[in-house]
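Down below is the structure, laid out as C-alpha cells.
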Amino acid sequence: MKDLLKGIVFFGLFLVPFLPVYVENNFFFPFITGKNFAFRIIVEILFAAWVLLALYDAQYRPRFSWILAGFTSFLAVMGVANALGEYPLQSFWSNFERMDGYVTLVHLFLFTLVAGSVFTTKKLWTYFFYVSTAVAFLVALHGLGQYFSVIEGPISSRVRIDSRLGNAAYMAIYMLFHIFILFWLFVRSKITLHKVAYVAMSMVLAITLLFTGTRGTFLGFIGGTAVMIGYVAVFGKAYPQLRKIAAGACVGFILLAGGFWTVRDSEFIQSSTALARIANISLGKDLTTRGTIWSMAFEGVKERPLLGWGQSNFNFVFNEQYEPSLYAAESWFDRTHDIFLDWLIAGGVFGLITYLSIYFAALYYLFWQPLFSKSEPTFDVLERGVLIGLLAGYLLHNFVVFDNIISYIFYGSILALIHSQVSKKIDWVESFKIDQQLIGQFIAPLVLIIAVGVVYFINAPGMGASRDIIKAMTAPTVKGRLEMFVSALERGSFADQEIIEQMAQQAMNIASNQNVPKVEKDAIIQRTELELLQLIEEKPNDARLYSFLSSFYRSINAIPQAQEQSAKARALSPKKQSIILEQGVIEIQLGNLDKATEYFKTAFELDESNTQARVLYASLLIATKKTTEADALLGTEYITEFAINDFAVSMVDQSGDLERLTQMFEVRVKEQPTLAQNRASLAFLYYQLKDIPKAIAVLEKASVDLPDFTESAQCFIANLQKGNAPDLDCQPEQ
C-alpha cells in the first residue's frame, strides 16, 4: 500500500511540469481552463495519497519552516478577507478567464506542502527540474517555430511569442523561471557536457523571453541576473575564480546595458519588434495607464484598509474610482497589474503583509541565515545567488504583471525546494503513531471517498459548463444555442456571469436577425433577460452588469428599460465615459437630441483628449444645428476622425447638410481608398449637388482603382450621362 501511495504522489508531482503544454480546445478560454482544472485534479489526488502516505511513514510528514508558516497565515487571512469581501463567490472561485481565487491559493499551498515534504533531497529536485526544463525547452522551440512561421499558429505568436500558454506575459514568466532553474542546475553539476547543455538551453529560453515582448519580465530577467552575479561577486569568497568572473560580469553587464541604450535608436534595433519594445521603454509613458490604475487602487484601499475587498473584486474599485483619462484603455479592469497592489486590494494590509512574509521567509533562509548563523548553510553561495536572483527577477516582473497558474506553480516549486532543505522536524508530528490496520480499513476508504467527492464537486461543474459554452457558441440553430447555455447554467458552476454574458451577446445578435423565427428569438431573449436580472440581484454593485443589461435592452428595442439600467450603471461609475455615451445614444433613440447632446458634452469634458467623445459631441451639435460650436470643436485637427466615424456620418446626413457630408466622403475616399461604397456614396452626393462632372470623375477613377467595382461604376456613369440617378437599375444580379 505504501509503495502504491508513494508512486501516486511522485507520479502526480512529476506530471505537473507537463501542464504548460496542455491546451483543452473544447473548453472556454482553452489555454487557461484546461491547465487549471488539470492542476486542481492532480493536486487533489496526490494530496489525498500523500495524507495516507504520511500516516504510514513519518519521513513524509510535514516539517516546519517560516515559509510554510507564512503561507499558512496568508491562507488564513485571505480566507477571512474573501468571506467578508464585496462578492465572496467570485473571491473563492474566480472565473474562467482568470481561474484564480481562493481555491487556486489552496491548491497551490497543497502542492507546495506535498512537494516540500516528499522531495527532501536536492537529487530529487534535480530530477524534477530535469523534466521541467525539458518541457520548457520544447515549449520555447514551439514558440520560436510560430514566431518564424515554421509552425502554424495565431498571428499574435508571430509578433509576441505565447506558444502553448496563450498569453505572451504568461510565456515570459515561464521562461524566466526556467532560465534560473537552468542556472541552478548549472552550478550544481560537475559534468562539463551537462553544463554546456544548460548554457545552450538557457540561451534559447532567454531569446524566447525576449521575443515574448514582455518588457517587465525581461527587465526582471536583467535585474535578477544582475542580483545573482552581484551576490556571487560580493559573497563568493569560497570560489575566488568565479568571484572574479562575477565581478567582471558585473562590469560587462553595465557596459552592455549602456551600449544597448546608446544604440537604441539604430535601424537594427528599431527594425526588430522585440528589441524595439525593450529599447523604447519610457517609464513616464508606459506606466501612465498603470499609474492611474494604481492611484485608483489606493483610493479603494482607503475604503477597506485592513482586509480589503476580497480576491477578484478589483472591478468594483475600478468602476467606483474610474478616472476619465483611461478612456482609451480596457473598459473593465479586474486587476491592478501590480501583484502587491493586487493583494493590498484583495486582502488589505494584513493580506499584503502575510503575502510578503512568504517572500521574506525565503530570503531569510537564502540571505540572512547563511551570513549570521554558525551552522553549515543548506545551499552553497552559488545556489543562493541563483535563487536570490530568481526571486528578485520574479519580484520585478510582479511590479507590472499579475500571477497566473504557471507562475504560481513554479513559484510554489521554488518555495518547496527551499522549504525542503531548511525545514525542521516537528516532534509531535514525527512521533504521532496510528495503527496501520486502522489506516487500511477505515481511514483510507474515507480519504478515497472524500477525494472522489472533492475532485468531482470542485471540477466537474466548471468543466461541464466550460464545454457547454463552446457548444452553445458553435450550435447551428438558435434553439441549440439556448439549450446549451441553459445546460451550462444548470451545472451550478462558478462561471455564471461569463455564461450569461456570452448568452446575452448571442441574444443581441439574434435580435436583429430577420431570418430567425420569432418563437426562437423570443425564447432566447426572454431567458437572457431573466438570467441578467437574477445575476444583478446577486451582484447589485457591479456597474458592468447594468451596462450590459442596458445594451441588451437597446438591442431588443426596449429603450425605456435601457435608459433605466444605464442610469444605474452611471450611479456606480459616475465618470466612465462609455456609460455616459450610452446614455446619450439612448436619448437619441428616444428622440431627445438636446438631452443626448448634454450627455455627450459631459463625456467630452471629463477628458478633452478623448477624440471619440469629441467627434460624437460635435456630431450631435451639427444634428441640432449648432454648427459653429461643432466647427470650433473639430477645427482642422479632427476632421479625419470625424469623417470616418459612422455615427458622425449619420448625424450629418440627418441634418441635411449635403456639402459637409460631401466633404466627409472626400476624406473617406482618401483614407479608405479600397472601399467601393465610399466612392459610390461620394458620386451620389455630387449628383445631389448637381455636380455631374465630379460624380463621373469619381466613378471613372474608381473603375480603374477597383477592378471588382468597374462594372457597377460604368453603369452608374451611363445613368449620370442620361440625367438619371447613378444607381438606377444597377444592382448586381443575385
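Every chain in the C-alpha cells takes a letter, A first, then B, and so on in the order presented; its residues are numbered from 1, and the ligands are numbered from 1 following the presented order.
The residue set within 12 Å of Ile434 in chain A, counting only C-alpha atoms and dropping same-chain residues fewer than 6 places from it, reads Leu52, Ala54, Leu55, Tyr56, Asp57, Ala58, Gly440, Phe442 and Ile443 of chain A.
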Apply DSSP to the structure's backbone, then extract all residues of range 157-276 of chain A labelled alpha helix (DSSP H) and return them as a ChimeraX atom specification. /A:168-188,192-211,215-235,240-262,267-270,273-276
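Closest to Gly70 in chain A among A:His419, A:Lys568, A:Lys518, A:Arg554 is A:His419, based on only C-alpha atoms.
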For CA of Thr597 in chain A and CA of Leu620 in chain A, the interatomic separation in Å (one decimal):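 According to the coordinates, CA of Thr597 in chain A and CA of Leu620 in chain A are separated by 5.8 Å.
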Which residues of range 330-375 of chain A come within 12 Å of range 214-232 of chain A, and what is each one's closest atom pair and distance in Å (one decimal), counting only C-alpha atoms, sorted by chain and residue number, as CSV?
```
residue,atom,partner,partner_atom,distance
A:His337,CA,A:Gly216,CA,10.9
A:Asp338,CA,A:Gly216,CA,10.9
A:Leu366,CA,A:Tyr231,CA,11.1
A:Phe367,CA,A:Tyr231,CA,9.6
```
Output of the above residues as a short mmCIF file (atom, residue, chain, number, x, y, z; two decimals), in the first residue's frame, restricted to N, CA and C atoms:
```cif
data_model
loop_
_atom_site.label_atom_id
_atom_site.label_comp_id
_atom_site.auth_asym_id
_atom_site.auth_seq_id
_atom_site.Cartn_x
_atom_site.Cartn_y
_atom_site.Cartn_z
N HIS A 337 -2.64 45.19 -12.12
CA HIS A 337 -1.40 44.96 -12.86
C HIS A 337 -0.17 45.30 -12.00
N ASP A 338 -0.27 45.00 -10.74
CA ASP A 338 0.84 45.07 -9.80
C ASP A 338 0.49 44.10 -8.67
N LEU A 366 17.85 32.22 2.56
CA LEU A 366 18.86 32.30 1.50
C LEU A 366 19.92 33.37 1.76
N PHE A 367 19.52 34.44 2.44
CA PHE A 367 20.45 35.56 2.60
C PHE A 367 20.87 35.78 4.05
#
```
With distances taken over only C-alpha atoms, which of A:Phe318, A:Tyr147, A:Trp50, A:Phe92 is nearest to Pro574 in chain A?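 Looking only at the distances to Pro574 in chain A, the closest residue turns out to be A:Phe318.
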Near Arg660 in chain A, within 12 Å and counting only C-alpha atoms, which residues show up once chain neighbours fewer than 2 positions away are dropped, as a PyMOL selection string? chain A and resi 619+622-623+627+630-631+639+642-643+648-658+662-667+682+685-686+689
I'd like the contact shell of range 129-141 of chain A - 9 Å cut-off, only C-alpha atoms, skipping same-chain residues fewer than 4 positions apart - returned as a list in words. Phe14, Val16, Pro17, Phe18, Pro20, Val21, Leu124, Trp125, Gly145, Gln146, Ile161, Ser163, Arg164, Leu165, Met171, Tyr174, Met175, His178, Ile179, Ile181, Leu182, Leu185, Met201, Ser202, Val204, Leu205, Thr208 and Leu209 of chain A
Nearest residue to Val704 in chain A from the set A:Gly412, A:Glu641, A:Ser117, A:Ala676 (distances using only C-alpha atoms): A:Ala676
So, counting only C-alpha atoms, which residue among A:Leu395, A:Leu593, A:Val114, A:Ile499 is closest to Leu176 in chain A?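 Once distances to Leu176 in chain A are computed over only C-alpha atoms, the minimum belongs to A:Leu395.
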What's the 12 Å shell around Val51 in chain A, counting only C-alpha atoms, without same-chain residues fewer than 4 positions away, as a PyMOL selection string? chain A and resi 2+5-6+8-9+43-47+55-58+60-62+110+113-114+117-118+439+443-444+446-448+451
Residues within 9 Å of Asp162 in chain A, please, as number ranges by chain. Count only C-alpha atoms; anything in the same chain fewer than 4 positions from it doesn't count. A: 143, 146, 156-157, 166-172, 212
How far is it from CA of Asp403 in chain A to CA of Gln369 in chain A, in Å with one decimal?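 Value for the CA of Asp403 in chain A-CA of Gln369 in chain A distance: 28.2 Å.
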Just want the 12 Å neighbourhood of Gly723 in chain A, counted on only C-alpha atoms, with same-chain residues fewer than 4 positions away dropped. Output as a VMD selection string. chain A and resid 687 to 688 690 to 693 695 to 696 716 to 719 727 to 728
Measuring atom to atom with only C-alpha atoms, identify which of A:Ser94, A:Gln59, A:Asn319, A:Gln526 is nearest to Lys425 in chain A. A:Gln59
Distance of CA of Gly462 in chain A from CA of Glu97 in chain A, expressed in Å to one decimal place: 12.2 Å
